[in-house]
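All remarks here apply to the structure that follows.
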Amino acid sequence: KIAFFFMDTVQEKYDLVKESTDRFHKEGKRMEAALQNEMQKAQARYKELTSKDHTYSTQADMQKDQAELQQLGQKIQDMRSSSQDQLDQMQARMLQDITAKIQNFLEDYNKRAGYDYIFSIQTGGQIWVGNKGLDITADVVSGLNQRHHASEAAAK
């Protein structure tokens, strides 16, 4: 006994995916805004340092200014790298969480349904559907959303 579901539809209609994607985008925007803020500060300081009249500056003063300019550049680069690392980790955790919830749901669902195989199909994938009567996508999406909303309600 075999069944399948369309993963594309689950990704579109599973509320946890939508909510997680929204959180991910909001966090990305927040990090980008913080980075832009720091870049504006760094640019202002850069302008200040490069517009200095070094006519009466000592070699040590000029080296100090040059070192500060390099530090500003490194700080921005580090922030950009750190932000990307944080977003990558957040996305990986998000995908692991969603995958685990789908797998747990399918295990429970299959205890009642008794399928030998449940395939996840994606548009353009390697498995072609012959019998549309084996499609359990609506059950999967509905069950996942019911579980998600029940766990949200329990958390409140």
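How things are named: the first chain in the structure tokens is A, the next is B, and so on; residues count from 1 in each chain; ligands count from 1 in the order shown.
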Please identify every residue of range 79-104 of chain A that has at least one atom no farther than 12 Å from an atom of range 115-127 of chain A, counting only C-alpha atoms, and for each give the shortest atom pair and the distance in Å to one decimal, arranged by chain then increasing number, as a Markdown table.
| residue | atom | partner | partner_atom | distance |
| --- | --- | --- | --- | --- |
| A:Thr99 | CA | A:Ser120 | CA | 11.7 |
| A:Ile102 | CA | A:Ser120 | CA | 10.6 |
| A:Gln103 | CA | A:Ile118 | CA | 10.6 |
Restricting the output to all heavy atoms, write the selected residues as a CSV table (one decimal), in the first residue's frame.
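In the end it all went to selection.csv:
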chain,number,residue,atom,x,y,z
A,99,THR,N,11.2,19.7,9.2
A,99,THR,CA,11.3,18.3,8.8
A,99,THR,C,11.0,17.3,9.9
A,99,THR,O,10.3,16.3,9.6
A,99,THR,CB,12.8,18.1,8.3
A,99,THR,OG1,13.1,19.0,7.2
A,99,THR,CG2,13.0,16.6,7.8
A,102,ILE,N,7.2,17.2,10.3
A,102,ILE,CA,6.5,16.5,9.2
A,102,ILE,C,6.8,15.0,9.4
A,102,ILE,O,5.8,14.2,9.3
A,102,ILE,CB,7.1,17.0,7.8
A,102,ILE,CG1,6.6,18.4,7.5
A,102,ILE,CG2,6.6,16.0,6.7
A,102,ILE,CD1,7.3,19.0,6.3
A,103,GLN,N,8.0,14.6,9.7
A,103,GLN,CA,8.3,13.2,9.9
A,103,GLN,C,7.4,12.6,11.1
A,103,GLN,O,6.9,11.5,11.0
A,103,GLN,CB,9.7,12.9,10.2
A,103,GLN,CG,10.6,13.1,8.9
A,103,GLN,CD,12.1,13.0,9.2
A,103,GLN,OE1,12.5,13.2,10.3
A,103,GLN,NE2,12.8,12.8,8.1
>> List the spatial neighbours of range 71-86 of chain A as number ranges by chain - criterion: any atom at most 12 Å away, only C-alpha atoms, same-chain residues fewer than 2 positions off excluded.
In response: A: 24, 27-47, 49, 64-69, 88-93
Store the residues picked out above, limited to N, CA, C and O atoms, as a short mmCIF file (atom, residue, chain, number, x, y, z; two decimals), in the first residue's frame.
data_model
loop_
_atom_site.label_atom_id
_atom_site.label_comp_id
_atom_site.auth_asym_id
_atom_site.auth_seq_id
_atom_site.Cartn_x
_atom_site.Cartn_y
_atom_site.Cartn_z
N PHE A 24 12.22 34.46 9.73
CA PHE A 24 13.54 34.47 9.09
C PHE A 24 13.76 35.78 8.33
O PHE A 24 14.80 36.42 8.47
N GLU A 27 14.13 38.74 10.78
CA GLU A 27 15.45 38.74 11.40
C GLU A 27 16.51 39.21 10.41
O GLU A 27 17.42 39.96 10.75
N GLY A 28 16.39 38.78 9.18
CA GLY A 28 17.32 39.23 8.14
C GLY A 28 17.25 40.74 7.94
O GLY A 28 18.28 41.41 7.83
N LYS A 29 16.04 41.28 7.94
CA LYS A 29 15.87 42.73 7.79
C LYS A 29 16.44 43.47 9.00
O LYS A 29 17.05 44.53 8.87
N ARG A 30 16.21 42.90 10.21
CA ARG A 30 16.74 43.53 11.42
C ARG A 30 18.26 43.58 11.37
O ARG A 30 18.89 44.61 11.66
N MET A 31 18.86 42.46 10.97
CA MET A 31 20.33 42.41 10.88
C MET A 31 20.85 43.35 9.81
O MET A 31 21.87 44.01 10.01
N GLU A 32 20.15 43.43 8.70
CA GLU A 32 20.56 44.34 7.63
C GLU A 32 20.47 45.79 8.09
O GLU A 32 21.36 46.60 7.79
N ALA A 33 19.42 46.12 8.84
CA ALA A 33 19.28 47.49 9.35
C ALA A 33 20.41 47.82 10.33
O ALA A 33 20.97 48.92 10.29
N ALA A 34 20.76 46.88 11.19
CA ALA A 34 21.86 47.09 12.14
C ALA A 34 23.18 47.27 11.39
O ALA A 34 24.00 48.14 11.73
N LEU A 35 23.37 46.48 10.36
CA LEU A 35 24.58 46.58 9.55
C LEU A 35 24.63 47.94 8.84
O LEU A 35 25.68 48.60 8.81
N GLN A 36 23.51 48.36 8.27
CA GLN A 36 23.45 49.66 7.60
C GLN A 36 23.74 50.79 8.58
O GLN A 36 24.45 51.75 8.23
N ASN A 37 23.22 50.69 9.79
CA ASN A 37 23.47 51.70 10.81
C ASN A 37 24.96 51.80 11.12
O ASN A 37 25.53 52.89 11.20
N GLU A 38 25.58 50.64 11.31
CA GLU A 38 27.02 50.62 11.59
C GLU A 38 27.82 51.14 10.40
O GLU A 38 28.83 51.82 10.58
N MET A 39 27.37 50.82 9.20
CA MET A 39 28.07 51.30 8.01
C MET A 39 27.98 52.82 7.90
O MET A 39 28.96 53.48 7.53
N GLN A 40 26.83 53.38 8.23
CA GLN A 40 26.68 54.83 8.21
C GLN A 40 27.62 55.49 9.21
O GLN A 40 28.26 56.50 8.91
N LYS A 41 27.70 54.90 10.41
CA LYS A 41 28.63 55.44 11.42
C LYS A 41 30.07 55.33 10.93
O LYS A 41 30.86 56.28 11.10
N ALA A 42 30.40 54.20 10.34
CA ALA A 42 31.76 53.99 9.86
C ALA A 42 32.08 54.95 8.72
O ALA A 42 33.18 55.50 8.65
N GLN A 43 31.12 55.18 7.83
CA GLN A 43 31.34 56.10 6.73
C GLN A 43 31.54 57.53 7.23
O GLN A 43 32.39 58.26 6.72
N ALA A 44 30.77 57.90 8.24
CA ALA A 44 30.92 59.24 8.81
C ALA A 44 32.31 59.39 9.43
O ALA A 44 32.99 60.42 9.24
N ARG A 45 32.72 58.37 10.16
CA ARG A 45 34.05 58.42 10.78
C ARG A 45 35.15 58.39 9.72
O ARG A 45 36.15 59.10 9.85
N TYR A 46 34.95 57.60 8.67
CA TYR A 46 35.91 57.53 7.57
C TYR A 46 36.08 58.91 6.93
O TYR A 46 37.19 59.38 6.70
N LYS A 47 34.95 59.57 6.68
CA LYS A 47 34.96 60.90 6.09
C LYS A 47 35.70 61.88 7.00
O LYS A 47 36.50 62.70 6.54
N LEU A 49 37.99 61.15 9.26
CA LEU A 49 39.43 60.84 9.32
C LEU A 49 40.15 61.23 8.02
O LEU A 49 41.28 61.72 8.05
N LYS A 64 47.84 56.06 13.52
CA LYS A 64 46.68 55.79 14.37
C LYS A 64 45.38 55.92 13.56
O LYS A 64 44.49 55.06 13.64
N ASP A 65 45.30 56.99 12.77
CA ASP A 65 44.11 57.19 11.92
C ASP A 65 43.98 56.06 10.90
O ASP A 65 42.88 55.55 10.65
N GLN A 66 45.09 55.68 10.30
CA GLN A 66 45.08 54.59 9.31
C GLN A 66 44.63 53.28 9.96
O GLN A 66 43.84 52.54 9.39
N ALA A 67 45.12 53.02 11.16
CA ALA A 67 44.72 51.80 11.88
C ALA A 67 43.23 51.82 12.19
O ALA A 67 42.54 50.80 12.08
N GLU A 68 42.71 52.99 12.57
CA GLU A 68 41.29 53.10 12.86
C GLU A 68 40.45 52.84 11.60
O GLU A 68 39.42 52.17 11.65
N LEU A 69 40.92 53.35 10.48
CA LEU A 69 40.21 53.10 9.22
C LEU A 69 40.16 51.60 8.91
O LEU A 69 39.12 51.07 8.50
N ASP A 88 22.27 31.69 8.42
CA ASP A 88 22.44 30.32 7.95
C ASP A 88 22.07 29.31 9.04
O ASP A 88 21.39 28.32 8.77
N GLN A 89 22.51 29.59 10.27
CA GLN A 89 22.18 28.70 11.39
C GLN A 89 20.68 28.71 11.67
O GLN A 89 20.08 27.66 11.94
N MET A 90 20.08 29.88 11.62
CA MET A 90 18.64 30.00 11.86
C MET A 90 17.87 29.21 10.80
O MET A 90 16.92 28.49 11.12
N GLN A 91 18.28 29.34 9.55
CA GLN A 91 17.61 28.62 8.47
C GLN A 91 17.77 27.11 8.63
O GLN A 91 16.81 26.36 8.45
N ALA A 92 18.96 26.67 9.01
CA ALA A 92 19.20 25.23 9.21
C ALA A 92 18.32 24.69 10.35
O ALA A 92 17.71 23.63 10.21
N ARG A 93 18.25 25.42 11.47
CA ARG A 93 17.40 25.00 12.58
C ARG A 93 15.93 24.97 12.18
O ARG A 93 15.18 24.06 12.53
#
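Backbone DSSP over chain A gives strand (DSSP E or B) for Ile2, Ala3, Phe4, Phe5, Phe6, Tyr117, Ile118, Phe119, Ser120, Ile121 and Asp135 of chain A.
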Go ahead and write the selection's residues with N, CA, C and O atoms as a PDB file, in the first residue's frame.
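Once everything was written out, this is out-v6.pdb:
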ATOM      1  N   ILE A   2       0.659   2.121  -0.942  1.00  0.00           N
ATOM      2  CA  ILE A   2       1.514   3.287  -1.149  1.00  0.00           C
ATOM      3  C   ILE A   2       0.671   4.554  -1.157  1.00  0.00           C
ATOM      4  O   ILE A   2      -0.474   4.545  -1.606  1.00  0.00           O
ATOM      5  N   ALA A   3       1.273   5.647  -0.663  1.00  0.00           N
ATOM      6  CA  ALA A   3       0.637   6.970  -0.724  1.00  0.00           C
ATOM      7  C   ALA A   3       1.720   7.994  -1.028  1.00  0.00           C
ATOM      8  O   ALA A   3       2.913   7.711  -0.932  1.00  0.00           O
ATOM      9  N   PHE A   4       1.297   9.161  -1.393  1.00  0.00           N
ATOM     10  CA  PHE A   4       2.249  10.246  -1.638  1.00  0.00           C
ATOM     11  C   PHE A   4       1.624  11.564  -1.221  1.00  0.00           C
ATOM     12  O   PHE A   4       0.408  11.682  -1.051  1.00  0.00           O
ATOM     13  N   PHE A   5       2.494  12.562  -1.049  1.00  0.00           N
ATOM     14  CA  PHE A   5       2.023  13.924  -0.837  1.00  0.00           C
ATOM     15  C   PHE A   5       2.951  14.862  -1.572  1.00  0.00           C
ATOM     16  O   PHE A   5       4.111  14.541  -1.817  1.00  0.00           O
ATOM     17  N   PHE A   6       2.411  16.001  -1.958  1.00  0.00           N
ATOM     18  CA  PHE A   6       3.205  17.000  -2.673  1.00  0.00           C
ATOM     19  C   PHE A   6       3.878  17.926  -1.663  1.00  0.00           C
ATOM     20  O   PHE A   6       3.205  18.700  -0.976  1.00  0.00           O
ATOM     21  N   TYR A 117       4.636   2.557   2.098  1.00  0.00           N
ATOM     22  CA  TYR A 117       5.490   3.668   1.680  1.00  0.00           C
ATOM     23  C   TYR A 117       4.663   4.934   1.574  1.00  0.00           C
ATOM     24  O   TYR A 117       3.536   4.909   1.096  1.00  0.00           O
ATOM     25  N   ILE A 118       5.250   6.040   2.025  1.00  0.00           N
ATOM     26  CA  ILE A 118       4.680   7.361   1.782  1.00  0.00           C
ATOM     27  C   ILE A 118       5.789   8.175   1.128  1.00  0.00           C
ATOM     28  O   ILE A 118       6.835   8.410   1.732  1.00  0.00           O
ATOM     29  N   PHE A 119       5.531   8.575  -0.097  1.00  0.00           N
ATOM     30  CA  PHE A 119       6.530   9.328  -0.848  1.00  0.00           C
ATOM     31  C   PHE A 119       6.240  10.819  -0.779  1.00  0.00           C
ATOM     32  O   PHE A 119       5.086  11.241  -0.832  1.00  0.00           O
ATOM     33  N   SER A 120       7.296  11.590  -0.688  1.00  0.00           N
ATOM     34  CA  SER A 120       7.216  13.035  -0.798  1.00  0.00           C
ATOM     35  C   SER A 120       7.557  13.376  -2.252  1.00  0.00           C
ATOM     36  O   SER A 120       8.641  13.063  -2.727  1.00  0.00           O
ATOM     37  N   ILE A 121       6.623  13.995  -2.943  1.00  0.00           N
ATOM     38  CA  ILE A 121       6.791  14.319  -4.358  1.00  0.00           C
ATOM     39  C   ILE A 121       6.999  15.825  -4.484  1.00  0.00           C
ATOM     40  O   ILE A 121       6.354  16.599  -3.776  1.00  0.00           O
ATOM     41  N   ASP A 135      -3.012  10.267  -3.349  1.00  0.00           N
ATOM     42  CA  ASP A 135      -2.534  11.568  -2.865  1.00  0.00           C
ATOM     43  C   ASP A 135      -3.128  11.876  -1.489  1.00  0.00           C
ATOM     44  O   ASP A 135      -4.332  11.987  -1.327  1.00  0.00           O
TER      45      ASP A 135
END
> What are the DSSP alpha helix (DSSP H) residues of range 32-120 of chain A, as a ChimeraX atom specification?
Replying inline: /A:32-50,59-113
Put those residues in a file: C-alpha atoms, as a PDB file, in the first residue's frame.
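What landed in selection.pdb:
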ATOM      1  CA  GLU A  32      20.562  44.340   7.626  1.00  0.00           C
ATOM      2  CA  ALA A  33      19.282  47.490   9.348  1.00  0.00           C
ATOM      3  CA  ALA A  34      21.865  47.092  12.141  1.00  0.00           C
ATOM      4  CA  LEU A  35      24.583  46.585   9.552  1.00  0.00           C
ATOM      5  CA  GLN A  36      23.452  49.657   7.599  1.00  0.00           C
ATOM      6  CA  ASN A  37      23.466  51.699  10.811  1.00  0.00           C
ATOM      7  CA  GLU A  38      27.020  50.621  11.591  1.00  0.00           C
ATOM      8  CA  MET A  39      28.072  51.302   8.007  1.00  0.00           C
ATOM      9  CA  GLN A  40      26.685  54.833   8.209  1.00  0.00           C
ATOM     10  CA  LYS A  41      28.629  55.437  11.425  1.00  0.00           C
ATOM     11  CA  ALA A  42      31.761  53.990   9.856  1.00  0.00           C
ATOM     12  CA  GLN A  43      31.342  56.103   6.726  1.00  0.00           C
ATOM     13  CA  ALA A  44      30.925  59.239   8.809  1.00  0.00           C
ATOM     14  CA  ARG A  45      34.054  58.417  10.784  1.00  0.00           C
ATOM     15  CA  TYR A  46      35.914  57.533   7.571  1.00  0.00           C
ATOM     16  CA  LYS A  47      34.964  60.900   6.087  1.00  0.00           C
ATOM     17  CA  GLU A  48      36.073  62.621   9.279  1.00  0.00           C
ATOM     18  CA  LEU A  49      39.433  60.843   9.318  1.00  0.00           C
ATOM     19  CA  THR A  50      40.174  61.301   5.611  1.00  0.00           C
ATOM     20  CA  GLN A  59      53.631  60.068  11.900  1.00  0.00           C
ATOM     21  CA  ALA A  60      52.100  58.334  14.937  1.00  0.00           C
ATOM     22  CA  ASP A  61      48.844  60.305  14.533  1.00  0.00           C
ATOM     23  CA  MET A  62      48.611  59.370  10.856  1.00  0.00           C
ATOM     24  CA  GLN A  63      49.320  55.711  11.643  1.00  0.00           C
ATOM     25  CA  LYS A  64      46.678  55.786  14.371  1.00  0.00           C
ATOM     26  CA  ASP A  65      44.108  57.186  11.924  1.00  0.00           C
ATOM     27  CA  GLN A  66      45.078  54.593   9.313  1.00  0.00           C
ATOM     28  CA  ALA A  67      44.725  51.800  11.880  1.00  0.00           C
ATOM     29  CA  GLU A  68      41.288  53.095  12.858  1.00  0.00           C
ATOM     30  CA  LEU A  69      40.210  53.104   9.220  1.00  0.00           C
ATOM     31  CA  GLN A  70      41.319  49.489   8.872  1.00  0.00           C
ATOM     32  CA  GLN A  71      39.477  48.558  12.070  1.00  0.00           C
ATOM     33  CA  LEU A  72      36.291  50.172  10.770  1.00  0.00           C
ATOM     34  CA  GLY A  73      36.512  48.117   7.582  1.00  0.00           C
ATOM     35  CA  GLN A  74      37.205  44.929   9.533  1.00  0.00           C
ATOM     36  CA  LYS A  75      34.316  45.590  11.921  1.00  0.00           C
ATOM     37  CA  ILE A  76      31.868  45.947   9.021  1.00  0.00           C
ATOM     38  CA  GLN A  77      33.226  42.814   7.351  1.00  0.00           C
ATOM     39  CA  ASP A  78      32.964  40.873  10.634  1.00  0.00           C
ATOM     40  CA  MET A  79      29.392  42.071  11.195  1.00  0.00           C
ATOM     41  CA  ARG A  80      28.402  41.055   7.669  1.00  0.00           C
ATOM     42  CA  SER A  81      29.966  37.616   8.107  1.00  0.00           C
ATOM     43  CA  SER A  82      28.451  37.119  11.553  1.00  0.00           C
ATOM     44  CA  SER A  83      24.999  38.136  10.323  1.00  0.00           C
ATOM     45  CA  GLN A  84      25.210  35.678   7.445  1.00  0.00           C
ATOM     46  CA  ASP A  85      26.373  32.901   9.784  1.00  0.00           C
ATOM     47  CA  GLN A  86      23.482  33.615  12.156  1.00  0.00           C
ATOM     48  CA  LEU A  87      20.979  33.567   9.299  1.00  0.00           C
ATOM     49  CA  ASP A  88      22.443  30.318   7.948  1.00  0.00           C
ATOM     50  CA  GLN A  89      22.180  28.698  11.386  1.00  0.00           C
ATOM     51  CA  MET A  90      18.640  30.003  11.857  1.00  0.00           C
ATOM     52  CA  GLN A  91      17.609  28.619   8.471  1.00  0.00           C
ATOM     53  CA  ALA A  92      19.198  25.233   9.208  1.00  0.00           C
ATOM     54  CA  ARG A  93      17.395  25.000  12.585  1.00  0.00           C
ATOM     55  CA  MET A  94      14.150  26.073  10.957  1.00  0.00           C
ATOM     56  CA  LEU A  95      14.430  23.379   8.274  1.00  0.00           C
ATOM     57  CA  GLN A  96      15.384  20.709  10.830  1.00  0.00           C
ATOM     58  CA  ASP A  97      12.401  21.638  13.013  1.00  0.00           C
ATOM     59  CA  ILE A  98       9.955  21.592  10.109  1.00  0.00           C
ATOM     60  CA  THR A  99      11.339  18.311   8.771  1.00  0.00           C
ATOM     61  CA  ALA A 100      11.100  16.690  12.211  1.00  0.00           C
ATOM     62  CA  LYS A 101       7.492  17.854  12.614  1.00  0.00           C
ATOM     63  CA  ILE A 102       6.545  16.481   9.194  1.00  0.00           C
ATOM     64  CA  GLN A 103       8.258  13.164   9.921  1.00  0.00           C
ATOM     65  CA  ASN A 104       6.587  12.871  13.343  1.00  0.00           C
ATOM     66  CA  PHE A 105       3.207  13.648  11.849  1.00  0.00           C
ATOM     67  CA  LEU A 106       3.685  11.079   9.078  1.00  0.00           C
ATOM     68  CA  GLU A 107       4.708   8.423  11.594  1.00  0.00           C
ATOM     69  CA  ASP A 108       1.551   9.030  13.648  1.00  0.00           C
ATOM     70  CA  TYR A 109      -0.621   9.338  10.543  1.00  0.00           C
ATOM     71  CA  ASN A 110       0.718   6.071   9.176  1.00  0.00           C
ATOM     72  CA  LYS A 111      -0.051   4.203  12.410  1.00  0.00           C
ATOM     73  CA  ARG A 112      -3.710   4.619  11.450  1.00  0.00           C
ATOM     74  CA  ALA A 113      -3.335   4.526   7.661  1.00  0.00           C
TER      75      ALA A 113
END
> What is the CA of Arg23 in chain A to CA of Ile136 in chain A distance in Å?
Replying inline: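 According to the coordinates, CA of Arg23 in chain A and CA of Ile136 in chain A are separated by 28.4 Å.
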